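Text of the file run04.txt, holding compact mmCIF, C-alpha atoms:
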# COMPACT_ATOMS: atom_id res chain seq x y z
CA MET A 1 91.62 86.69 73.66
CA THR A 2 92.46 90.38 73.89
CA PHE A 3 95.46 92.70 73.60
CA ALA A 4 96.74 94.93 76.41
CA GLN A 5 98.43 97.33 73.95
CA PRO A 6 96.54 96.85 70.67
CA TYR A 7 97.90 100.01 69.01
CA PHE A 8 101.13 98.12 68.23
CA LEU A 9 99.10 95.99 65.81
CA PHE A 10 99.00 98.95 63.41
CA LEU A 11 102.66 98.19 62.71
CA LEU A 12 101.47 95.06 60.87
CA LEU A 13 100.07 97.35 58.17
CA LEU A 14 103.60 98.52 57.42
CA LEU A 15 104.88 95.02 56.65
CA PRO A 16 103.31 94.77 53.14
CA LEU A 17 104.69 98.24 52.31
CA CYS A 18 108.18 97.28 53.48
CA ALA A 19 108.00 94.03 51.49
CA TRP A 20 106.91 95.93 48.35
CA LEU A 21 109.74 98.45 48.72
CA LYS A 22 112.26 95.67 49.19
CA GLY A 23 110.91 93.91 46.09
CA ARG A 24 111.34 97.05 43.98
CA ARG A 25 115.01 97.21 44.94
CA GLY A 26 115.46 93.63 43.73
CA GLN A 27 117.75 90.96 45.10
CA GLN A 28 121.28 91.88 46.08
CA ALA A 29 123.87 90.53 43.62
CA ALA A 30 125.95 87.64 44.90
CA PHE A 31 128.93 88.73 42.74
CA LEU A 32 129.72 91.13 39.88
CA TYR A 33 131.14 90.20 36.45
CA SER A 34 132.20 92.19 33.38
CA SER A 35 130.76 89.98 30.63
CA VAL A 36 127.91 87.52 30.32
CA GLN A 37 130.29 85.22 28.51
CA LEU A 38 131.86 84.42 31.88
CA VAL A 39 128.65 82.77 33.10
CA LYS A 40 127.45 81.41 29.77
CA GLY A 41 127.82 77.84 31.02
CA ILE A 42 125.31 78.28 33.83
CA MET A 43 122.75 80.42 32.02
CA GLY A 44 120.35 77.51 31.79
CA ILE A 45 120.16 76.84 35.54
CA THR A 46 116.71 77.72 36.94
CA ARG A 47 116.47 80.25 39.75
CA SER A 48 116.35 78.82 43.31
CA HIS A 49 113.53 79.71 45.69
CA VAL A 50 115.82 79.46 48.71
CA GLY A 51 116.15 83.24 49.03
CA SER A 52 112.40 83.79 49.08
CA ILE A 53 111.94 81.11 51.75
CA LEU A 54 114.54 82.74 54.01
CA LEU A 55 112.94 86.13 53.45
CA LYS A 56 109.51 84.78 54.37
CA LEU A 57 110.93 83.38 57.60
CA ARG A 58 112.25 86.83 58.46
CA TRP A 59 108.94 88.56 57.69
CA LEU A 60 107.01 85.99 59.71
CA ALA A 61 109.35 86.46 62.70
CA LEU A 62 108.89 90.23 62.50
CA MET A 63 105.11 89.80 62.43
CA LEU A 64 105.26 87.65 65.59
CA PHE A 65 107.43 90.23 67.35
CA ILE A 66 104.88 92.96 66.57
CA ILE A 67 102.05 90.80 67.92
CA GLY A 68 104.15 90.22 71.05
CA LEU A 69 104.50 93.98 71.55
CA ALA A 70 100.69 94.21 71.59
CA ARG A 71 100.70 91.81 74.59
CA PRO A 72 98.09 89.19 73.73
CA GLN A 73 96.16 88.00 76.77
CA LEU A 74 93.82 85.11 77.34
CA GLY A 75 90.98 85.93 79.70
CA GLU A 76 90.25 83.33 82.34
CA GLY A 77 86.62 84.21 81.70
CA GLU A 78 84.08 85.86 83.94
CA THR A 79 81.81 84.13 86.38
CA GLU A 80 78.40 85.04 87.69
CA ILE A 81 78.41 85.20 91.49
CA LYS A 82 75.64 85.88 93.97
CA ALA A 83 75.98 89.14 95.89
CA SER A 84 73.75 90.25 98.71
CA GLY A 85 72.32 93.71 98.86
CA ILE A 86 74.13 94.37 102.14
CA ASP A 87 77.25 96.52 102.38
CA ILE A 88 79.19 96.27 105.63
CA VAL A 89 82.01 98.39 106.99
CA VAL A 90 83.81 97.22 110.12
CA ALA A 91 85.38 99.98 112.25
CA LEU A 92 88.02 98.48 114.54
CA ASP A 93 89.66 100.19 117.51
CA LEU A 94 93.50 100.10 117.46
CA SER A 95 94.05 102.16 120.61
CA GLY A 96 96.70 101.09 123.12
CA SER A 97 94.14 99.61 125.52
CA MET A 98 93.41 96.90 122.92
CA ALA A 99 96.69 95.32 124.11
CA ALA A 100 94.95 94.14 127.30
CA GLU A 101 95.08 90.34 127.46
CA ASP A 102 91.69 89.47 128.90
CA PHE A 103 90.73 86.87 126.26
CA GLU A 104 91.79 83.29 125.68
CA ILE A 105 92.12 81.12 122.58
CA LYS A 106 92.65 77.39 123.23
CA GLY A 107 93.80 78.13 126.76
CA LYS A 108 96.34 80.73 125.66
CA ARG A 109 96.02 84.34 126.78
CA VAL A 110 95.66 86.81 123.86
CA ASN A 111 95.00 90.53 123.62
CA ARG A 112 91.78 92.15 122.49
CA LEU A 113 93.03 93.06 119.04
CA MET A 114 94.09 89.50 118.29
CA ILE A 115 90.73 87.99 119.25
CA ALA A 116 88.90 90.78 117.38
CA LYS A 117 90.90 90.01 114.22
CA GLU A 118 90.38 86.25 114.51
CA VAL A 119 86.60 86.50 114.95
CA LEU A 120 86.36 89.15 112.24
CA LYS A 121 88.17 86.85 109.78
CA GLU A 122 85.70 84.07 110.61
CA PHE A 123 82.82 86.48 110.02
CA ILE A 124 84.23 87.59 106.66
CA GLY A 125 84.56 83.95 105.62
CA LYS A 126 80.84 83.40 106.24
CA ARG A 127 79.73 86.50 104.32
CA ALA A 128 81.19 85.63 100.94
CA SER A 129 78.39 87.43 99.07
CA ASP A 130 78.67 90.75 100.93
CA ARG A 131 80.79 93.74 100.08
CA ILE A 132 82.84 94.41 103.20
CA GLY A 133 85.16 97.30 103.99
CA LEU A 134 87.50 98.02 106.88
CA VAL A 135 88.23 101.17 108.92
CA ALA A 136 90.85 101.33 111.68
CA PHE A 137 90.90 104.09 114.28
CA ALA A 138 92.78 105.17 117.37
CA GLY A 139 93.65 108.87 117.81
CA ARG A 140 92.41 109.28 114.22
CA ALA A 141 90.76 107.07 111.61
CA TYR A 142 91.94 105.73 108.27
CA ILE A 143 90.65 103.39 105.56
CA ALA A 144 92.28 99.98 106.02
CA GLY A 145 90.35 98.28 103.22
CA PRO A 146 87.82 99.46 100.61
CA LEU A 147 84.41 97.86 100.20
CA THR A 148 85.05 94.77 98.13
CA LEU A 149 83.93 91.25 97.25
CA ASP A 150 87.58 90.23 97.07
CA HIS A 151 87.70 88.85 100.58
CA ASP A 152 91.18 87.37 100.15
CA PHE A 153 92.47 90.90 99.71
CA LEU A 154 90.37 92.06 102.66
CA LEU A 155 91.74 89.32 104.92
CA GLN A 156 95.28 90.38 104.05
CA ASN A 157 94.43 93.90 105.19
CA VAL A 158 92.94 92.58 108.44
CA GLU A 159 96.13 90.64 109.10
CA ARG A 160 98.24 93.79 108.66
CA LEU A 161 96.39 95.68 111.41
CA ASP A 162 98.56 96.18 114.47
CA LEU A 163 98.81 98.30 117.58
CA GLY A 164 100.98 101.39 117.53
CA THR A 165 100.48 102.14 113.83
CA ILE A 166 98.27 105.17 114.62
CA GLU A 167 98.68 107.87 117.25
CA ASP A 168 97.06 106.66 120.45
CA GLY A 169 93.58 107.63 121.57
CA THR A 170 90.02 106.54 120.89
CA ALA A 171 88.42 108.64 118.15
CA MET A 172 85.17 106.71 118.11
CA GLY A 173 83.26 109.42 116.25
CA ALA A 174 86.00 109.72 113.62
CA GLY A 175 85.99 105.96 113.07
CA LEU A 176 82.23 105.93 112.58
CA THR A 177 82.37 108.95 110.26
CA ALA A 178 85.05 107.33 108.11
CA ALA A 179 82.90 104.21 107.81
CA LEU A 180 79.85 106.28 106.84
CA ASN A 181 81.82 108.05 104.12
CA ARG A 182 82.49 104.67 102.49
CA LEU A 183 78.74 103.90 102.44
CA ARG A 184 77.31 107.34 101.74
CA GLU A 185 76.94 107.19 97.95
CA LEU A 186 76.33 103.46 97.55
CA LYS A 187 72.96 102.14 96.46
CA SER A 188 72.20 98.96 98.36
CA LYS A 189 69.33 97.34 100.17
CA SER A 190 71.02 97.65 103.54
CA LYS A 191 74.06 99.51 104.84
CA ILE A 192 75.67 98.44 108.08
CA VAL A 193 78.57 99.56 110.27
CA ILE A 194 80.02 97.29 112.95
CA LEU A 195 81.89 99.46 115.46
CA MET A 196 84.23 97.63 117.86
CA THR A 197 85.90 99.52 120.70
CA ASP A 198 87.09 98.98 124.27
CA GLY A 199 87.09 102.50 125.63
CA GLN A 200 85.59 105.96 125.62
CA ASN A 201 85.76 108.65 122.97
CA ASN A 202 88.69 110.91 123.89
CA ALA A 203 90.07 112.04 120.51
CA GLY A 204 88.91 113.32 117.16
CA LYS A 205 86.74 116.28 116.22
CA VAL A 206 83.44 114.43 115.65
CA PRO A 207 81.44 113.36 118.74
CA PRO A 208 80.01 109.81 118.46
CA LEU A 209 76.41 110.99 118.83
CA THR A 210 76.87 113.51 116.00
CA ALA A 211 78.18 110.68 113.82
CA ALA A 212 75.16 108.63 114.88
CA GLU A 213 72.82 111.38 113.62
CA ALA A 214 74.61 111.29 110.28
CA ALA A 215 74.19 107.51 110.17
CA GLN A 216 70.50 107.87 110.90
CA ALA A 217 70.12 110.39 108.07
CA LEU A 218 71.94 108.04 105.68
CA GLN A 219 69.83 105.07 106.86
CA VAL A 220 72.89 103.16 108.01
CA LYS A 221 72.49 100.70 110.88
CA VAL A 222 75.30 100.76 113.41
CA TYR A 223 75.99 97.68 115.51
CA THR A 224 78.30 98.57 118.40
CA ILE A 225 80.45 96.09 120.29
CA GLY A 226 82.17 96.83 123.58
CA VAL A 227 85.24 94.60 123.79
CA GLY A 228 86.65 93.64 127.20
CA THR A 229 85.92 91.80 130.42
CA ARG A 230 84.17 93.45 133.31
CA GLY A 231 86.14 94.88 136.20
CA THR A 232 89.87 94.82 135.52
CA ALA A 233 92.06 93.35 132.78
CA PRO A 234 95.76 92.40 132.65
CA MET A 235 97.76 94.95 130.66
CA PRO A 236 101.27 93.94 129.59
CA GLN A 237 104.04 96.40 130.38
CA ARG A 238 107.84 96.42 130.38
CA ASP A 239 109.70 96.66 133.68
CA PRO A 240 113.10 98.42 133.99
CA PHE A 241 114.82 95.14 133.08
CA GLY A 242 112.89 94.72 129.81
CA ARG A 243 110.71 91.93 131.15
CA THR A 244 106.98 91.71 130.46
CA VAL A 245 104.86 92.21 133.54
CA TYR A 246 101.09 92.47 133.85
CA VAL A 247 99.27 95.29 135.58
CA GLN A 248 95.58 95.06 136.35
CA THR A 249 93.85 98.05 134.77
CA PRO A 250 90.17 98.98 135.01
CA VAL A 251 87.96 98.26 132.00
CA ASP A 252 86.26 101.51 131.09
CA ILE A 253 83.86 101.13 128.16
CA ASP A 254 81.38 103.92 127.43
CA GLU A 255 78.42 101.59 127.11
CA GLU A 256 75.86 104.34 127.34
CA THR A 257 77.20 106.11 124.28
CA LEU A 258 77.54 102.84 122.36
CA LYS A 259 73.94 101.89 123.25
CA THR A 260 72.67 105.31 122.14
CA VAL A 261 74.56 105.17 118.84
CA ALA A 262 73.09 101.72 118.12
CA SER A 263 69.51 102.55 119.14
CA ARG A 264 69.38 105.78 117.11
CA THR A 265 70.38 103.98 113.94
CA GLY A 266 68.23 100.88 114.35
CA GLY A 267 71.18 98.71 115.32
CA LYS A 268 72.06 96.95 118.56
CA TYR A 269 74.73 97.12 121.27
CA TYR A 270 76.66 94.03 122.39
CA ARG A 271 79.13 93.45 125.19
CA ALA A 272 81.89 90.99 124.27
CA ASP A 273 83.55 89.82 127.47
CA SER A 274 84.82 86.48 126.11
CA ALA A 275 85.87 84.91 122.84
CA ASN A 276 82.69 82.81 122.69
CA THR A 277 80.51 85.84 123.33
CA LEU A 278 82.20 87.74 120.53
CA ARG A 279 81.61 84.83 118.14
CA GLN A 280 77.96 84.70 119.17
CA ILE A 281 77.63 88.42 118.49
CA TYR A 282 78.96 88.04 114.95
CA ALA A 283 76.75 84.97 114.45
CA GLU A 284 73.70 87.05 115.37
CA ILE A 285 74.71 89.84 113.00
CA ASP A 286 75.22 87.16 110.35
CA GLN A 287 71.48 86.44 110.49
CA LEU A 288 70.66 89.79 108.93
CA GLU A 289 68.19 89.78 106.05
CA LYS A 290 69.78 89.16 102.67
CA THR A 291 68.67 89.60 99.09
CA GLU A 292 70.48 88.13 96.09
CA ILE A 293 71.41 89.89 92.86
CA GLU A 294 73.61 88.87 89.94
CA VAL A 295 76.92 90.64 89.51
CA LYS A 296 79.88 89.84 87.25
CA LYS A 297 83.31 89.29 88.66
CA HIS A 298 86.09 89.50 86.08
CA GLN A 299 88.89 87.01 86.40
CA ARG A 300 92.58 87.54 85.75
CA TYR A 301 94.14 87.52 82.30
CA ARG A 302 96.97 85.18 81.36
CA GLU A 303 99.80 86.73 79.33
CA LEU A 304 100.48 84.99 75.98
CA PHE A 305 103.55 87.10 75.21
CA PRO A 306 106.06 84.21 75.51
CA TRP A 307 103.99 81.97 73.23
CA VAL A 308 104.26 84.55 70.45
CA VAL A 309 107.79 85.88 70.86
CA LEU A 310 109.55 82.54 71.38
CA PRO A 311 108.40 81.15 67.96
CA GLY A 312 109.58 84.43 66.41
CA LEU A 313 113.02 83.99 67.97
CA PHE A 314 113.09 80.40 66.71
CA LEU A 315 112.35 81.54 63.15
CA VAL A 316 115.13 84.14 63.30
CA LEU A 317 117.55 81.53 64.56
CA LEU A 318 116.42 79.08 61.88
CA GLU A 319 116.88 81.71 59.15
CA ILE A 320 120.42 82.46 60.40
CA ILE A 321 121.38 78.78 60.54
CA LEU A 322 119.99 77.95 57.08
CA SER A 323 121.49 81.01 55.42
CA ASN A 324 124.93 80.13 56.80
CA SER A 325 124.85 76.38 56.21
CA VAL A 326 122.86 74.39 53.65
CA TRP A 327 121.43 77.47 51.93
CA ARG A 328 124.54 79.58 52.13
CA LYS A 329 124.76 82.32 49.49
CA LEU A 330 127.70 83.20 47.27
CA PRO A 331 130.32 84.16 48.08
Show me the file's structure as structure tokens.
Amino acid sequence: MTFAQPYFLFLLLLLPLCAWLKGRRGQQAAFLYSSVQLVKGIMGITRSHVGSILLKLRWLALMLFIIGLARPQLGEGETEIKASGIDIVVALDLSGSMAAEDFEIKGKRVNRLMIAKEVLKEFIGKRASDRIGLVAFAGRAYIAGPLTLDHDFLLQNVERLDLGTIEDGTAMGAGLTAALNRLRELKSKSKIVILMTDGQNNAGKVPPLTAAEAAQALQVKVYTIGVGTRGTAPMPQRDPFGRTVYVQTPVDIDEETLKTVASRTGGKYYRADSANTLRQIYAEIDQLEKTEIEVKKHQRYRELFPWVVLPGLFLVLLEIILSNSVWRKLP
């Protein structure tokens, strides 16, 4: 057990001082009289301990309230988990062309982003011992998820990715650079970037091949994936009446650049023209060499505040009831 705000416990040291000061003042008189002769008949009655019991209840309640302020917590413990020496950052294209619906899931037409997210979530589920991060890019790049072993949190971030959240374009070099920045200072056996895109670099200030040189210098493998069928793909658009219509648009993936980026960094280029192919690509990447090390993952803490404060409130209530009923004072 631990305390979130332990400095409040120093208030407990004041309780003995307060009790001593109250004792020096003595008990408050129940009533005043001018002569001892008036109470001569009850002089032999022994003093009751009721007052001291009520006072102890009050001090005990105050002590519990102070402990509650310190927020006692019960740790759920910490568990040893196996972590590989591989850190992976996935850079995912969110450009407008990812809306093309040239993939199918269970016979239903879906766009490229949806199938990319579904297969990526399956991949994350299989790599429970890897630290995985997420970068999204279109006209610019941003960090969508830090490198983490908390894959539940990572999957939530994957689910939030959507088209139109970034200015349009395909800043392939910026996406790769952002991924490299997440891996640059990490010490691990292997560092990998998985770059998924369906177009050509037409935005950003960093050319893809310049980013590839940086990856080579940092000893980061880059696996590139070109997403999209060959030839043309149906692109949904709105007609003047607000209806969804499909226009066949050419699939234009810069495979030469993607192949060069992969080869320079010791990675590999893949072409994903179907859902099954994309799953096979991730399955192949999943066969990367692994090494196991022990790391500690801290669990959540459970707040014990109610279990301390509620008894204190009960004692206060009990002291009030007793002092105004069976142990009522005069007058």
Inset, instruction - For the point (77.1, 101.2, 125.1) in the file's frame, write as a ChimeraX atom specification all residues with an atom no more than 9 Å away, counting only C-alpha atoms. - result: /A:224-226,253-262,269-271
Inset, instruction - Give the answer as one residue: which of A:Thr148, A:Thr170, A:Arg279, A:Gln216 has the shortest atom-to-atom distance to A:Lys121, using only C-alpha atoms? - result: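 Checking each of A:Thr148, A:Thr170, A:Arg279, A:Gln216 against A:Lys121, counting only C-alpha atoms, the winner is A:Arg279.
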Determine, using only C-alpha atoms, which residues of stretch 129-223 of chain A have any atom at most 9 Å from an atom of stretch 91-100 of chain A, and tabulate each with its shortest atom pair and distance in Å to one decimal place, rows ordered by chain and then rising number, as CSV.
residue,atom,partner,partner_atom,distance
A:Gly133,CA,A:Ala91,CA,8.7
A:Leu134,CA,A:Ala91,CA,6.1
A:Val135,CA,A:Ala91,CA,4.5
A:Ala136,CA,A:Leu92,CA,4.9
A:Phe137,CA,A:Asp93,CA,5.2
A:Ala138,CA,A:Ser95,CA,4.6
A:Gly139,CA,A:Ser95,CA,7.3
A:Ala141,CA,A:Ala91,CA,8.9
A:Leu161,CA,A:Leu94,CA,8.0
A:Asp162,CA,A:Leu94,CA,7.1
A:Leu163,CA,A:Leu94,CA,5.6
A:Gly164,CA,A:Gly96,CA,7.0
A:Thr165,CA,A:Leu94,CA,8.1
A:Ile166,CA,A:Leu94,CA,7.5
A:Glu167,CA,A:Ser95,CA,8.1
A:Asp168,CA,A:Ser95,CA,5.4
A:Gly169,CA,A:Ser95,CA,5.6
A:Thr170,CA,A:Ser95,CA,6.0
A:Ala171,CA,A:Asp93,CA,8.6
A:Met172,CA,A:Asp93,CA,7.9
A:Gly175,CA,A:Ala91,CA,6.1
A:Leu176,CA,A:Ala91,CA,6.7
A:Ala178,CA,A:Ala91,CA,8.4
A:Ala179,CA,A:Ala91,CA,6.6
A:Val193,CA,A:Ala91,CA,7.1
A:Ile194,CA,A:Ala91,CA,6.0
A:Leu195,CA,A:Ala91,CA,4.8
A:Met196,CA,A:Leu92,CA,5.1
A:Thr197,CA,A:Asp93,CA,5.0
A:Asp198,CA,A:Met98,CA,6.8
A:Gly199,CA,A:Ser97,CA,7.6
Inset, instruction - Return the single residue from A:Leu317, A:Val227, A:Ala214, A:Val220 that is closest to A:Gln200, with distances computed using all atoms listed in the file. - result: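 Of the candidates, the smallest distance to A:Gln200 is held by A:Val227.
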Legend entry - Of the listed residues A:Leu54, A:Ala211, A:Ile86, A:Leu120, that which approaches A:Tyr282 most closely, counting all atoms listed in the file: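 Of all the options, A:Leu120 lies closest to A:Tyr282.
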When you get a chance, write out N, CA and C atoms for stretch 258-275 of chain A, as an mmCIF file, keeping the file's coordinate frame.
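Contents of rebuild37.cif, freshly written:
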data_model
loop_
_atom_site.group_PDB
_atom_site.id
_atom_site.type_symbol
_atom_site.label_atom_id
_atom_site.label_comp_id
_atom_site.auth_asym_id
_atom_site.auth_seq_id
_atom_site.Cartn_x
_atom_site.Cartn_y
_atom_site.Cartn_z
ATOM 1 N N LEU A 258 77.639 103.894 123.367
ATOM 2 C CA LEU A 258 77.540 102.840 122.360
ATOM 3 C C LEU A 258 76.092 102.366 122.207
ATOM 4 N N LYS A 259 75.355 102.288 123.318
ATOM 5 C CA LYS A 259 73.940 101.890 123.250
ATOM 6 C C LYS A 259 73.124 102.953 122.513
ATOM 7 N N THR A 260 73.416 104.227 122.784
ATOM 8 C CA THR A 260 72.670 105.310 122.140
ATOM 9 C C THR A 260 72.936 105.341 120.643
ATOM 10 N N VAL A 261 74.209 105.185 120.258
ATOM 11 C CA VAL A 261 74.560 105.170 118.840
ATOM 12 C C VAL A 261 73.803 104.049 118.126
ATOM 13 N N ALA A 262 73.764 102.859 118.739
ATOM 14 C CA ALA A 262 73.090 101.720 118.120
ATOM 15 C C ALA A 262 71.589 101.931 118.026
ATOM 16 N N SER A 263 70.973 102.411 119.119
ATOM 17 C CA SER A 263 69.510 102.550 119.140
ATOM 18 C C SER A 263 69.037 103.619 118.164
ATOM 19 N N ARG A 264 69.792 104.703 118.013
ATOM 20 C CA ARG A 264 69.380 105.780 117.110
ATOM 21 C C ARG A 264 69.412 105.352 115.644
ATOM 22 N N THR A 265 70.217 104.390 115.339
ATOM 23 C CA THR A 265 70.380 103.980 113.940
ATOM 24 C C THR A 265 69.659 102.678 113.611
ATOM 25 N N GLY A 266 68.941 102.128 114.594
ATOM 26 C CA GLY A 266 68.230 100.880 114.350
ATOM 27 C C GLY A 266 69.103 99.653 114.505
ATOM 28 N N GLY A 267 70.280 99.828 115.095
ATOM 29 C CA GLY A 267 71.180 98.710 115.320
ATOM 30 C C GLY A 267 71.024 98.141 116.727
ATOM 31 N N LYS A 268 72.112 97.584 117.259
ATOM 32 C CA LYS A 268 72.060 96.950 118.560
ATOM 33 C C LYS A 268 73.439 97.001 119.202
ATOM 34 N N TYR A 269 73.466 97.116 120.534
ATOM 35 C CA TYR A 269 74.730 97.120 121.270
ATOM 36 C C TYR A 269 74.979 95.741 121.869
ATOM 37 N N TYR A 270 76.251 95.315 121.815
ATOM 38 C CA TYR A 270 76.660 94.030 122.390
ATOM 39 C C TYR A 270 77.866 94.249 123.296
ATOM 40 N N ARG A 271 77.944 93.441 124.324
ATOM 41 C CA ARG A 271 79.130 93.450 125.190
ATOM 42 C C ARG A 271 79.854 92.122 125.008
ATOM 43 N N ALA A 272 81.089 92.195 124.516
ATOM 44 C CA ALA A 272 81.890 90.990 124.270
ATOM 45 C C ALA A 272 82.915 90.858 125.379
ATOM 46 N N ASP A 273 82.624 90.003 126.350
ATOM 47 C CA ASP A 273 83.550 89.820 127.470
ATOM 48 C C ASP A 273 84.285 88.489 127.413
ATOM 49 N N SER A 274 84.088 87.740 126.306
ATOM 50 C CA SER A 274 84.820 86.480 126.110
ATOM 51 C C SER A 274 84.865 86.188 124.613
ATOM 52 N N ALA A 275 85.745 85.268 124.259
ATOM 53 C CA ALA A 275 85.870 84.910 122.840
ATOM 54 C C ALA A 275 84.572 84.300 122.323
#
